>>> print(open('protein-v9.txt').read())   # compact mmCIF, C-alpha atoms and all ligand atoms
# COMPACT_ATOMS: atom_id res chain seq x y z
CA MET A 1 26.55 194.19 166.46
CA LYS A 2 27.71 194.95 169.96
CA ALA A 3 31.10 195.87 171.35
CA LEU A 4 31.76 195.44 175.09
CA ARG A 5 34.73 197.23 176.61
CA ALA A 6 36.28 195.57 179.67
CA ASP A 7 39.22 193.45 180.90
CA LEU A 8 38.80 190.11 179.10
CA LEU A 9 39.78 186.86 180.80
CA ASP A 10 39.39 183.33 179.47
CA PHE A 11 41.44 180.18 178.90
CA THR A 12 42.99 178.54 175.87
CA ALA A 13 44.34 175.39 177.59
CA PRO A 14 44.04 173.70 181.00
CA PRO A 15 46.34 175.43 183.52
CA ALA A 16 48.74 173.09 185.37
CA TRP A 17 48.16 172.13 189.03
CA GLY A 18 49.68 174.64 191.43
CA SER A 19 51.17 176.87 188.74
CA THR A 20 50.33 180.57 188.73
CA SER A 21 52.12 181.07 185.39
CA LEU A 22 50.02 182.41 182.56
CA ASP A 23 50.21 179.21 180.49
CA GLY A 24 46.70 178.63 179.13
CA VAL A 25 45.44 182.00 180.45
CA ARG A 26 44.26 184.59 177.94
CA TRP A 27 44.32 188.01 179.61
CA ARG A 28 43.37 190.99 177.48
CA PRO A 29 43.08 194.09 179.66
CA ASP A 30 40.97 196.95 178.34
CA HIS A 31 39.73 195.38 175.11
CA TRP A 32 36.57 195.48 173.06
CA LEU A 33 34.83 192.12 172.74
CA LEU A 34 32.86 192.07 169.51
CA VAL A 35 29.53 190.23 169.35
CA GLY A 36 27.60 189.68 166.13
CA ASP A 37 23.86 189.98 165.60
CA ASP A 38 23.64 186.19 165.62
CA GLY A 39 24.70 186.22 169.29
CA ARG A 40 28.16 184.80 168.60
CA ILE A 41 31.53 186.24 169.46
CA VAL A 42 33.25 187.77 166.45
CA GLY A 43 36.60 188.72 167.99
CA ALA A 44 38.36 191.20 170.23
CA GLN A 45 40.63 194.18 169.86
CA PRO A 46 42.55 196.52 172.16
CA ALA A 47 40.45 199.48 173.27
CA ALA A 48 43.16 201.80 171.97
CA GLN A 49 42.48 200.65 168.36
CA PRO A 50 39.72 202.54 166.55
CA LEU A 51 36.41 200.71 166.34
CA PRO A 52 34.33 201.13 163.15
CA GLY A 53 31.26 203.33 163.70
CA ASP A 54 28.60 200.66 163.21
CA TRP A 55 29.32 198.82 166.49
CA GLU A 56 26.91 199.53 169.36
CA ARG A 57 29.29 200.41 172.20
CA HIS A 58 28.91 199.31 175.83
CA ASP A 59 31.74 200.85 177.77
CA HIS A 60 32.47 198.86 180.94
CA ARG A 61 36.12 199.82 181.24
CA GLY A 62 37.54 198.80 184.62
CA ARG A 63 35.26 195.77 184.80
CA LEU A 64 36.13 192.11 184.26
CA LEU A 65 34.47 190.20 181.41
CA LEU A 66 34.38 186.41 181.72
CA PRO A 67 32.54 183.66 179.90
CA GLY A 68 29.39 182.82 181.86
CA PHE A 69 29.96 180.18 184.52
CA ILE A 70 28.87 176.58 184.00
CA ASP A 71 27.39 174.83 187.04
CA THR A 72 27.58 171.11 186.28
CA HIS A 73 25.38 169.91 189.13
CA VAL A 74 22.53 171.79 190.79
CA HIS A 75 18.94 171.06 191.87
CA SER A 76 16.27 173.52 190.73
CA PRO A 77 13.66 172.69 193.45
CA GLN A 78 16.17 173.01 196.28
CA LEU A 79 16.57 176.78 196.70
CA GLU A 80 14.33 176.57 199.74
CA VAL A 81 16.29 173.63 201.13
CA MET A 82 19.57 175.54 201.32
CA ALA A 83 20.97 176.01 204.81
CA SER A 84 18.83 173.34 206.49
CA TYR A 85 20.26 172.62 209.90
CA GLY A 86 21.69 169.58 211.48
CA THR A 87 21.90 166.52 209.25
CA GLU A 88 24.05 164.43 206.94
CA LEU A 89 23.01 163.35 203.46
CA LEU A 90 20.49 160.54 204.04
CA ASP A 91 18.61 162.31 206.87
CA TRP A 92 18.82 165.58 204.99
CA LEU A 93 17.10 163.99 201.99
CA GLU A 94 14.29 162.55 204.14
CA ARG A 95 13.71 165.55 206.37
CA PHE A 96 14.14 168.51 204.05
CA THR A 97 14.70 167.64 200.41
CA PHE A 98 12.04 165.08 199.59
CA PRO A 99 9.26 167.16 201.17
CA ALA A 100 10.32 170.22 199.15
CA GLU A 101 10.42 168.21 195.92
CA ARG A 102 6.94 166.77 196.48
CA ALA A 103 5.44 170.19 195.95
CA TYR A 104 6.58 170.01 192.31
CA ALA A 105 3.85 167.51 191.53
CA ASP A 106 1.82 170.66 190.92
CA PRO A 107 2.76 171.99 187.44
CA ALA A 108 2.10 175.57 188.57
CA VAL A 109 4.64 175.17 191.37
CA ALA A 110 7.09 173.60 188.90
CA GLU A 111 6.63 176.44 186.45
CA ALA A 112 7.12 179.19 189.02
CA GLY A 113 10.07 177.27 190.50
CA ALA A 114 11.79 176.87 187.12
CA ALA A 115 11.55 180.60 186.37
CA ARG A 116 12.76 181.56 189.85
CA PHE A 117 15.66 179.13 189.62
CA LEU A 118 16.94 180.11 186.16
CA ASP A 119 16.67 183.81 186.96
CA ALA A 120 18.65 183.14 190.12
CA LEU A 121 21.37 181.33 188.14
CA LEU A 122 21.62 184.28 185.76
CA ALA A 123 21.78 186.71 188.70
CA HIS A 124 24.75 184.73 190.05
CA GLY A 125 26.69 184.72 186.77
CA THR A 126 25.84 181.17 185.73
CA THR A 127 24.66 180.95 182.13
CA ALA A 128 24.72 177.15 181.63
CA ALA A 129 23.94 174.30 183.98
CA SER A 130 23.25 170.63 184.34
CA VAL A 131 20.14 170.55 186.49
CA PHE A 132 18.04 168.06 188.47
CA PRO A 133 14.38 169.06 188.67
CA THR A 134 12.14 166.44 190.35
CA VAL A 135 10.65 163.05 189.52
CA HIS A 136 7.64 164.78 188.01
CA LYS A 137 7.63 165.02 184.23
CA ALA A 138 6.09 168.50 184.45
CA SER A 139 9.08 169.76 186.44
CA ALA A 140 11.46 168.89 183.58
CA GLU A 141 9.03 170.27 181.04
CA ALA A 142 8.83 173.57 182.96
CA LEU A 143 12.60 173.82 183.23
CA PHE A 144 13.20 173.23 179.52
CA ALA A 145 10.48 175.71 178.58
CA ALA A 146 11.87 178.37 180.92
CA ALA A 147 15.42 177.87 179.58
CA ALA A 148 14.17 178.10 175.99
CA GLN A 149 12.37 181.34 176.81
CA ARG A 150 15.63 182.78 178.14
CA GLY A 151 17.80 181.34 175.37
CA MET A 152 19.92 179.58 177.99
CA ARG A 153 22.06 176.48 177.53
CA LEU A 154 20.50 173.81 179.75
CA ILE A 155 21.11 170.13 180.38
CA ALA A 156 18.36 168.46 182.40
CA GLY A 157 16.05 165.49 182.66
CA LYS A 158 13.22 164.14 184.74
CA VAL A 159 14.60 162.55 187.92
CA LEU A 160 14.35 158.76 187.99
CA MET A 161 13.45 157.22 191.37
CA ASP A 162 11.27 154.14 191.78
CA ARG A 163 12.15 153.08 195.33
CA HIS A 164 13.30 154.32 198.74
CA ALA A 165 11.45 157.57 198.32
CA PRO A 166 8.14 158.71 199.80
CA GLU A 167 4.75 158.45 198.15
CA GLY A 168 4.37 161.18 195.56
CA LEU A 169 8.06 161.05 194.65
CA ARG A 170 8.26 157.61 193.06
CA ASP A 171 7.84 156.64 189.44
CA ASP A 172 7.89 153.16 187.92
CA VAL A 173 10.01 151.78 185.13
CA ALA A 174 7.38 151.79 182.39
CA GLN A 175 5.96 155.24 183.12
CA ALA A 176 9.43 156.72 183.62
CA GLU A 177 10.59 155.33 180.30
CA ARG A 178 7.58 156.81 178.50
CA ASP A 179 8.15 160.18 180.17
CA CYS A 180 11.84 160.17 179.26
CA ILE A 181 11.18 159.26 175.63
CA ASP A 182 8.55 161.95 175.33
CA LEU A 183 10.76 164.61 176.93
CA ILE A 184 13.70 163.58 174.74
CA GLN A 185 11.55 163.94 171.64
CA ARG A 186 10.23 167.29 172.76
CA TRP A 187 13.37 168.91 174.11
CA HIS A 188 16.65 167.16 173.30
CA GLY A 189 18.52 169.28 170.79
CA ARG A 190 15.72 171.82 170.67
CA GLY A 191 17.24 175.30 170.93
CA ARG A 192 19.95 175.09 173.54
CA ASN A 193 18.39 172.27 175.55
CA SER A 194 19.89 168.81 175.94
CA TYR A 195 18.35 165.87 177.70
CA SER A 196 20.18 164.13 180.51
CA VAL A 197 19.07 160.72 181.75
CA THR A 198 18.83 161.68 185.42
CA VAL A 199 19.25 158.84 187.88
CA ARG A 200 18.95 160.43 191.32
CA PHE A 201 21.38 157.92 192.86
CA ALA A 202 21.70 154.16 192.96
CA PRO A 203 19.65 153.65 196.17
CA THR A 204 16.50 155.23 194.69
CA SER A 205 16.44 153.19 191.48
CA THR A 206 15.73 149.47 191.16
CA PRO A 207 18.14 147.46 189.01
CA ALA A 208 15.37 147.36 186.40
CA GLN A 209 15.20 151.16 186.33
CA LEU A 210 18.97 151.47 186.07
CA ALA A 211 18.88 149.04 183.14
CA MET A 212 16.17 151.12 181.46
CA ALA A 213 18.27 154.27 181.94
CA GLY A 214 21.30 152.50 180.47
CA ALA A 215 19.25 151.38 177.46
CA LEU A 216 18.16 154.98 176.81
CA CYS A 217 21.80 156.06 176.82
CA ARG A 218 22.83 153.23 174.52
CA ALA A 219 20.08 154.10 172.07
CA ASP A 220 21.29 157.69 171.67
CA ALA A 221 24.93 158.61 172.36
CA SER A 222 24.11 162.32 172.29
CA LEU A 223 22.15 162.05 175.58
CA TYR A 224 23.77 163.11 178.82
CA MET A 225 23.52 161.15 182.08
CA GLN A 226 23.66 162.70 185.54
CA THR A 227 23.65 161.19 188.99
CA HIS A 228 25.34 161.21 192.41
CA VAL A 229 28.14 158.86 193.41
CA ALA A 230 30.11 158.12 196.59
CA GLU A 231 29.15 161.30 198.41
CA ASN A 232 28.72 160.08 201.97
CA ARG A 233 30.03 157.05 203.86
CA ALA A 234 26.62 155.83 205.05
CA GLU A 235 25.34 156.14 201.49
CA VAL A 236 28.30 154.11 200.18
CA ALA A 237 27.61 151.37 202.76
CA TRP A 238 23.93 151.31 201.78
CA VAL A 239 24.79 150.92 198.11
CA ALA A 240 27.14 148.02 198.95
CA GLN A 241 24.20 146.29 200.68
CA LEU A 242 21.76 146.99 197.86
CA PHE A 243 24.12 145.93 195.07
CA PRO A 244 26.33 143.15 196.49
CA GLU A 245 27.29 142.03 192.99
CA ALA A 246 28.97 145.36 192.16
CA ARG A 247 32.67 145.90 192.90
CA SER A 248 32.02 149.46 194.04
CA TYR A 249 29.40 152.21 194.02
CA LEU A 250 30.67 153.49 190.67
CA ASP A 251 30.54 149.95 189.32
CA VAL A 252 26.75 149.91 189.83
CA TYR A 253 26.51 152.60 187.18
CA ALA A 254 29.16 151.00 184.96
CA ARG A 255 27.26 147.69 184.92
CA ALA A 256 24.06 149.48 183.93
CA GLY A 257 25.76 151.16 180.96
CA LEU A 258 25.57 154.61 182.53
CA LEU A 259 29.27 155.52 182.46
CA HIS A 260 30.00 157.23 179.17
CA PRO A 261 31.57 160.43 177.82
CA ARG A 262 28.45 162.50 178.56
CA ALA A 263 28.00 161.27 182.13
CA VAL A 264 28.27 163.81 184.96
CA LEU A 265 28.63 162.23 188.40
CA ALA A 266 28.44 164.51 191.41
CA HIS A 267 30.82 164.21 194.38
CA GLY A 268 32.97 161.07 193.89
CA ILE A 269 34.61 161.56 197.27
CA TRP A 270 34.79 157.92 198.33
CA LEU A 271 36.24 156.36 195.19
CA ASP A 272 39.38 154.24 194.78
CA ALA A 273 42.07 153.97 192.12
CA ASP A 274 40.08 151.40 190.11
CA ASP A 275 37.09 153.73 190.07
CA ARG A 276 39.24 156.63 188.91
CA ALA A 277 40.65 154.46 186.12
CA ALA A 278 37.10 153.48 185.12
CA LEU A 279 36.09 157.15 185.00
CA ARG A 280 39.03 157.95 182.79
CA ALA A 281 38.36 155.01 180.48
CA SER A 282 34.71 156.00 180.11
CA GLY A 283 35.29 159.73 179.59
CA ALA A 284 32.76 160.54 182.33
CA GLN A 285 33.37 163.55 184.57
CA ILE A 286 33.13 164.20 188.28
CA ALA A 287 31.36 167.35 189.43
CA PHE A 288 33.23 168.51 192.54
CA CYS A 289 30.74 170.13 194.93
CA PRO A 290 32.84 171.67 197.71
CA SER A 291 30.20 173.82 199.37
CA SER A 292 27.79 170.91 199.62
CA ASN A 293 30.50 168.50 200.78
CA LEU A 294 31.48 170.84 203.59
CA PHE A 295 27.94 171.76 204.59
CA LEU A 296 26.68 168.16 204.76
CA GLY A 297 29.96 166.96 206.26
CA SER A 298 30.36 164.50 203.39
CA GLY A 299 34.15 164.55 203.01
CA LEU A 300 37.11 166.09 201.23
CA PHE A 301 37.33 165.38 197.51
CA ASP A 302 40.80 164.59 196.13
CA TRP A 303 40.89 166.62 192.91
CA GLN A 304 44.56 166.00 192.24
CA ALA A 305 44.22 162.21 192.41
CA MET A 306 41.36 162.43 189.93
CA THR A 307 43.38 164.64 187.56
CA GLU A 308 46.44 162.41 187.85
CA ALA A 309 44.25 159.43 186.98
CA GLY A 310 43.21 161.31 183.83
CA ALA A 311 39.53 161.80 184.77
CA ALA A 312 37.79 165.10 184.09
CA VAL A 313 36.69 167.30 187.01
CA SER A 314 34.28 170.22 186.88
CA VAL A 315 32.89 172.30 189.75
CA ALA A 316 29.31 172.59 190.89
CA SER A 317 27.22 174.34 193.53
CA ASP A 318 24.97 171.35 194.32
CA VAL A 319 22.39 173.71 195.76
CA GLY A 320 20.54 172.89 198.08
CA GLY A 321 23.30 170.74 199.69
CA GLY A 322 25.53 173.63 198.69
CA THR A 323 24.82 176.94 200.34
CA SER A 324 25.16 179.33 197.40
CA LEU A 325 24.58 179.48 193.65
CA SER A 326 27.66 181.70 193.41
CA MET A 327 30.45 179.93 191.56
CA GLN A 328 33.02 182.24 193.18
CA ARG A 329 31.87 181.10 196.61
CA THR A 330 31.92 177.52 195.40
CA LEU A 331 35.45 177.88 194.04
CA ALA A 332 36.60 179.58 197.24
CA ASP A 333 35.30 176.55 199.15
CA GLY A 334 37.09 174.35 196.62
CA TYR A 335 40.34 176.08 197.44
CA LYS A 336 39.82 175.43 201.17
CA VAL A 337 39.01 171.75 200.61
CA GLN A 338 42.22 171.30 198.63
CA ALA A 339 44.14 173.27 201.27
CA MET A 340 43.03 170.68 203.85
CA ALA A 341 45.05 168.14 201.86
CA GLY A 342 48.06 170.46 201.64
CA ARG A 343 47.33 171.37 198.01
CA ARG A 344 46.72 174.74 196.43
CA LEU A 345 44.07 175.40 193.83
CA THR A 346 45.10 178.32 191.62
CA ALA A 347 42.60 180.87 190.40
CA TRP A 348 43.48 179.73 186.88
CA GLN A 349 42.64 176.10 187.49
CA ALA A 350 39.48 176.98 189.42
CA LEU A 351 38.11 179.46 186.88
CA HIS A 352 39.08 177.20 183.99
CA ALA A 353 37.14 174.34 185.60
CA ALA A 354 34.07 176.57 185.93
CA THR A 355 34.22 177.74 182.29
CA ARG A 356 36.17 176.13 179.46
CA GLY A 357 37.07 172.99 181.43
CA ALA A 358 33.42 172.24 182.15
CA ALA A 359 32.48 173.04 178.55
CA GLN A 360 35.08 170.58 177.28
CA ALA A 361 34.00 167.85 179.67
CA LEU A 362 30.42 168.39 178.43
CA HIS A 363 31.59 168.41 174.76
CA LEU A 364 30.20 171.92 174.46
CA ASP A 365 33.39 173.94 174.08
CA HIS A 366 32.43 174.87 170.50
CA GLU A 367 29.49 176.72 172.06
CA ILE A 368 30.28 177.90 175.60
CA GLY A 369 33.06 178.37 178.16
CA SER A 370 35.40 180.81 176.42
CA LEU A 371 35.62 184.09 174.49
CA GLU A 372 36.69 182.26 171.35
CA PRO A 373 35.27 183.66 168.06
CA GLY A 374 32.34 181.56 166.87
CA THR A 375 31.18 180.57 170.36
CA THR A 376 27.91 181.87 171.75
CA ALA A 377 28.23 185.15 173.66
CA ASP A 378 27.18 183.92 177.11
CA LEU A 379 29.07 186.49 179.15
CA CYS A 380 29.27 188.11 182.56
CA LEU A 381 30.56 191.53 183.48
CA TRP A 382 31.96 191.65 187.01
CA ASP A 383 33.12 194.41 189.29
CA TRP A 384 36.58 193.80 190.67
CA SER A 385 35.40 195.01 194.05
CA VAL A 386 32.30 195.95 195.96
CA GLY A 387 32.86 198.06 199.05
CA PRO A 388 35.95 199.48 200.73
CA VAL A 389 37.47 196.31 202.22
CA ASP A 390 37.35 194.52 198.92
CA ALA A 391 38.71 197.58 197.07
CA HIS A 392 41.57 197.85 199.57
CA ARG A 393 42.48 194.19 198.98
CA GLN A 394 42.40 194.65 195.22
CA ALA A 395 44.58 197.76 195.42
CA ALA A 396 47.22 195.78 197.33
CA ALA A 397 47.52 193.09 194.61
CA ARG A 398 50.88 193.16 192.85
CA GLU A 399 50.35 190.78 189.98
CA LEU A 400 47.56 189.29 187.95
CA HIS A 401 47.15 185.94 189.67
CA GLU A 402 47.07 187.60 193.09
CA ARG A 403 44.44 190.01 191.87
CA VAL A 404 42.23 187.39 190.26
CA PHE A 405 42.66 184.94 193.15
CA ALA A 406 41.63 187.61 195.68
CA TRP A 407 38.67 188.46 193.47
CA MET A 408 37.60 184.82 193.13
CA THR A 409 37.87 184.31 196.88
CA LEU A 410 36.07 187.48 197.96
CA ALA A 411 33.55 188.06 195.18
CA ASP A 412 30.02 186.75 194.81
CA GLU A 413 26.81 187.76 193.06
CA ARG A 414 27.05 191.29 194.45
CA HIS A 415 29.95 191.80 192.04
CA LEU A 416 27.90 190.90 188.98
CA ALA A 417 27.07 193.98 186.92
CA ALA A 418 25.40 192.27 183.95
CA THR A 419 24.78 188.88 182.36
CA PHE A 420 24.45 188.27 178.62
CA VAL A 421 22.94 185.20 177.00
CA ALA A 422 23.68 184.79 173.29
CA GLY A 423 24.74 188.43 173.19
CA ARG A 424 21.55 189.73 174.77
CA GLN A 425 21.71 191.38 178.17
CA ILE A 426 19.38 189.32 180.30
CA HIS A 427 20.28 190.46 183.78
CA ALA A 428 21.55 193.75 185.15
CA ARG A 429 22.21 194.53 188.76
CA ALA A 430 19.92 197.00 190.43
CA ALA A 431 21.70 200.34 190.79
CA ALA A 432 22.04 200.32 194.60
CA HIS A 433 25.65 199.17 195.00
CA GLY A 434 28.87 198.29 193.25
CA SER A 435 32.00 200.02 192.13
CA SER A 436 33.96 199.23 189.03
CA GLY A 437 37.61 199.36 190.02
CA PRO A 438 40.00 198.94 192.93
N1 LIG B 1 22.05 162.22 196.65
C1 LIG B 1 20.82 161.88 196.21
N2 LIG B 1 20.03 162.97 196.07
C2 LIG B 1 20.79 164.02 196.43
C3 LIG B 1 20.52 165.43 196.50
O1 LIG B 1 19.45 165.93 196.21
N3 LIG B 1 21.57 166.20 196.92
C4 LIG B 1 22.79 165.68 197.24
N4 LIG B 1 23.76 166.49 197.64
N5 LIG B 1 23.03 164.37 197.21
C5 LIG B 1 22.05 163.55 196.81
ZN ZN B 2 23.16 166.90 194.09
>>> encode(input="protein-v9.txt", output="structure tokens")
Amino acid sequence: MKALRADLLDFTAPPAWGSTSLDGVRWRPDHWLLVGDDGRIVGAQPAAQPLPGDWERHDHRGRLLLPGFIDTHVHSPQLEVMASYGTELLDWLERFTFPAERAYADPAVAEAGAARFLDALLAHGTTAASVFPTVHKASAEALFAAAAQRGMRLIAGKVLMDRHAPEGLRDDVAQAERDCIDLIQRWHGRGRNSYSVTVRFAPTSTPAQLAMAGALCRADASLYMQTHVAENRAEVAWVAQLFPEARSYLDVYARAGLLHPRAVLAHGIWLDADDRAALRASGAQIAFCPSSNLFLGSGLFDWQAMTEAGAAVSVASDVGGGTSLSMQRTLADGYKVQAMAGRRLTAWQALHAATRGAAQALHLDHEIGSLEPGTTADLCLWDWSVGPVDAHRQAAARELHERVFAWMTLADERHLAATFVAGRQIHARAAAHGSSGP
């Protein structure tokens, strides 16, 4: 039994657009968070109240304790693709991304890559993610095994792509189906792993492969589905050529039976009102990837239109299109993208989307995303500031939203003091830098 002393922040309801009021925000400064031996949260109490002697105390007073972040769309083999110069999506895939992913045909590369990637997530404060490995079965296998070793909550699946990809990165319908079924049997629901039917995007799957993916989803409603949709205008035009029968890009997936409550579609920039209504009706979510959208020049996602249409939105790094695994950096980019449309993303809405909001959209809020008793203690301890400029900004903050918004905008992985997975400390920052308070 562990007790962690810090400023506790989590959410009990979705904060309203543009409102900095505390509705839905649970702020418990200087509290003990109590974690049981089973790795679940037991409760919390003010630090001033006496704590029974049998709790193992970890005193982080002056630090911020949040549920671990949830990154709903990220590519494990793309760390080395980050910050590749000079291209938009389709060229970027050909020139940088596909060559990097080919290396994962070698199981040893896949194994080392999975470990490197998950440790990097944990060192950025992300404790749960929906991840694309590569087309190679061994890359999914390695990722699930590495997550199980760490006790992490992972959603992943072998990438499906049977056309418009180079030699060494294509599967075929029959082999892909066998690989999926085998991986589902081995990993879906095992420990904290879930399988996601992972269609890279419509252009790299034949209609027959999309139909096979849809059949897998129909056969087991507990499976996730992940893909990309309407990210880039040239991509949208290509999809219209490849699937003339579909009303829209999203409709390609709808027709294949891939839009359902456990579907996570990245980007969704170039969608219309009918698409948004279809998303809402299906219960699928859009993963907003602001860093990637800016870096690849893909476009400005309209979060508010999506929310007003009733469709769920989470936030994702989309590394390697995105330039950082840090969810704070991603959220800060999200704020700027909304600002370009004259809208303001509050710290509450942003942090909710990266924790409890994502958990709800993934139907995992009984397990992750908050500090609610009974949920698994996937937690991060953050410094409010690192270095004098940051500390000066924090000291100037007059109220809670200002303080948390400045933190969200200026912080990154340097601010992470420790990460816990199921109550076990799994990452701690090296001692070199960091200060606990403003
Ligand atoms: N569309 C298809 N594949 C990818 C990918 O790897 N990254 C991004 N950002 N978009 C894609
Ligand atoms: Zn992506």
>>> residues_around(input="protein-v9.txt", residues="range 7-12 of chain A", least_positions_apart="3", cutoff="7 Å", atoms="all atoms listed in the file", output="ChimeraX atom specification")
/A:24-31,62-67,352,356,370-371
>>> write_last_selection(input="protein-v9.txt", atoms="C-alpha atoms", output="PDB file, keeping the file's coordinate frame")
ATOM      1  CA  GLY A  24      46.700 178.630 179.130  1.00  0.00           C
ATOM      2  CA  VAL A  25      45.440 182.000 180.450  1.00  0.00           C
ATOM      3  CA  ARG A  26      44.260 184.590 177.940  1.00  0.00           C
ATOM      4  CA  TRP A  27      44.320 188.010 179.610  1.00  0.00           C
ATOM      5  CA  ARG A  28      43.370 190.990 177.480  1.00  0.00           C
ATOM      6  CA  PRO A  29      43.080 194.090 179.660  1.00  0.00           C
ATOM      7  CA  ASP A  30      40.970 196.950 178.340  1.00  0.00           C
ATOM      8  CA  HIS A  31      39.730 195.380 175.110  1.00  0.00           C
ATOM      9  CA  GLY A  62      37.540 198.800 184.620  1.00  0.00           C
ATOM     10  CA  ARG A  63      35.260 195.770 184.800  1.00  0.00           C
ATOM     11  CA  LEU A  64      36.130 192.110 184.260  1.00  0.00           C
ATOM     12  CA  LEU A  65      34.470 190.200 181.410  1.00  0.00           C
ATOM     13  CA  LEU A  66      34.380 186.410 181.720  1.00  0.00           C
ATOM     14  CA  PRO A  67      32.540 183.660 179.900  1.00  0.00           C
ATOM     15  CA  HIS A 352      39.080 177.200 183.990  1.00  0.00           C
ATOM     16  CA  ARG A 356      36.170 176.130 179.460  1.00  0.00           C
ATOM     17  CA  SER A 370      35.400 180.810 176.420  1.00  0.00           C
ATOM     18  CA  LEU A 371      35.620 184.090 174.490  1.00  0.00           C
TER      19      LEU A 371
END
>>> closest_atom_pairs(input="protein-v9.txt", of="chain A", to="ligand ZN 2 (chain B)", cutoff="9 Å", atoms="all atoms listed in the file", output="CSV")
residue,atom,partner,partner_atom,distance
A:His73,CA,B:ZN2,ZN,6.2
A:Val74,CA,B:ZN2,ZN,5.9
A:His75,CA,B:ZN2,ZN,6.3
A:Val131,CA,B:ZN2,ZN,9.0
A:Phe132,CA,B:ZN2,ZN,7.7
A:Arg200,CA,B:ZN2,ZN,8.2
A:Thr227,CA,B:ZN2,ZN,7.7
A:His228,CA,B:ZN2,ZN,6.3
A:Ala266,CA,B:ZN2,ZN,6.4
A:His267,CA,B:ZN2,ZN,8.1
A:Cys289,CA,B:ZN2,ZN,8.3
A:Ser292,CA,B:ZN2,ZN,8.3
A:Ala316,CA,B:ZN2,ZN,9.0
A:Ser317,CA,B:ZN2,ZN,8.5
A:Asp318,CA,B:ZN2,ZN,4.8
A:Val319,CA,B:ZN2,ZN,7.1
A:Gly320,CA,B:ZN2,ZN,7.7
A:Gly321,CA,B:ZN2,ZN,6.8
A:Gly322,CA,B:ZN2,ZN,8.5
>>> atom_distance(input="protein-v9.txt", atom1="CA of Asp172 in chain A", atom2="CA of Val159 in chain A")
11.5 Å
>>> residues_around(input="protein-v9.txt", residues="Ala128 in chain A", least_positions_apart="2", cutoff="6 Å", atoms="all atoms listed in the file", output="ChimeraX atom specification")
/A:70,126,153-154
>>> residues_around(input="protein-v9.txt", residues="Pro99 in chain A", least_positions_apart="4", cutoff="12 Å", atoms="all atoms listed in the file", output="PDB file with C-alpha atoms, in the coordinates of the input")
ATOM      1  CA  PRO A  77      13.660 172.690 193.450  1.00  0.00           C
ATOM      2  CA  GLN A  78      16.170 173.010 196.280  1.00  0.00           C
ATOM      3  CA  GLU A  80      14.330 176.570 199.740  1.00  0.00           C
ATOM      4  CA  VAL A  81      16.290 173.630 201.130  1.00  0.00           C
ATOM      5  CA  ASP A  91      18.610 162.310 206.870  1.00  0.00           C
ATOM      6  CA  TRP A  92      18.820 165.580 204.990  1.00  0.00           C
ATOM      7  CA  LEU A  93      17.100 163.990 201.990  1.00  0.00           C
ATOM      8  CA  GLU A  94      14.290 162.550 204.140  1.00  0.00           C
ATOM      9  CA  ARG A  95      13.710 165.550 206.370  1.00  0.00           C
ATOM     10  CA  ALA A 103       5.440 170.190 195.950  1.00  0.00           C
ATOM     11  CA  TYR A 104       6.580 170.010 192.310  1.00  0.00           C
ATOM     12  CA  ALA A 105       3.850 167.510 191.530  1.00  0.00           C
ATOM     13  CA  THR A 134      12.140 166.440 190.350  1.00  0.00           C
ATOM     14  CA  ALA A 165      11.450 157.570 198.320  1.00  0.00           C
ATOM     15  CA  PRO A 166       8.140 158.710 199.800  1.00  0.00           C
ATOM     16  CA  GLU A 167       4.750 158.450 198.150  1.00  0.00           C
ATOM     17  CA  GLY A 168       4.370 161.180 195.560  1.00  0.00           C
ATOM     18  CA  LEU A 169       8.060 161.050 194.650  1.00  0.00           C
TER      19      LEU A 169
END
>>> residues_around(input="protein-v9.txt", residues="range 425-431 of chain A", least_positions_apart="4", cutoff="9 Å", atoms="only C-alpha atoms", output="VMD selection string")
chain A and resid 119 122 to 123 150 379 414 to 421
>>> axis_aligned_box(input="protein-v9.txt", around="ligand LIG 1 (chain B)", padding_each_side="3 Å", output="JSON")
{"center_x": 21.6, "center_y": 164.2, "center_z": 196.9, "size_x": 10.3, "size_y": 10.6, "size_z": 7.6}
>>> atom_distance(input="protein-v9.txt", atom1="CA of Ser84 in chain A", atom2="CA of Ala108 in chain A")
24.6 Å
>>> residues_near_point(input="protein-v9.txt", point="(29.1, 155.7, 197.1)", cutoff="9 Å", atoms="all atoms listed in the file", output="number ranges by chain")
A: 202, 228-240, 248-250, 268-271
>>> write_last_selection(input="protein-v9.txt", atoms="C-alpha atoms", output="CSV table (one decimal), in the frame of the given file")
chain,number,residue,atom,x,y,z
A,202,ALA,CA,21.7,154.2,193.0
A,228,HIS,CA,25.3,161.2,192.4
A,229,VAL,CA,28.1,158.9,193.4
A,230,ALA,CA,30.1,158.1,196.6
A,231,GLU,CA,29.2,161.3,198.4
A,232,ASN,CA,28.7,160.1,202.0
A,233,ARG,CA,30.0,157.0,203.9
A,234,ALA,CA,26.6,155.8,205.0
A,235,GLU,CA,25.3,156.1,201.5
A,236,VAL,CA,28.3,154.1,200.2
A,237,ALA,CA,27.6,151.4,202.8
A,238,TRP,CA,23.9,151.3,201.8
A,239,VAL,CA,24.8,150.9,198.1
A,240,ALA,CA,27.1,148.0,199.0
A,248,SER,CA,32.0,149.5,194.0
A,249,TYR,CA,29.4,152.2,194.0
A,250,LEU,CA,30.7,153.5,190.7
A,268,GLY,CA,33.0,161.1,193.9
A,269,ILE,CA,34.6,161.6,197.3
A,270,TRP,CA,34.8,157.9,198.3
A,271,LEU,CA,36.2,156.4,195.2
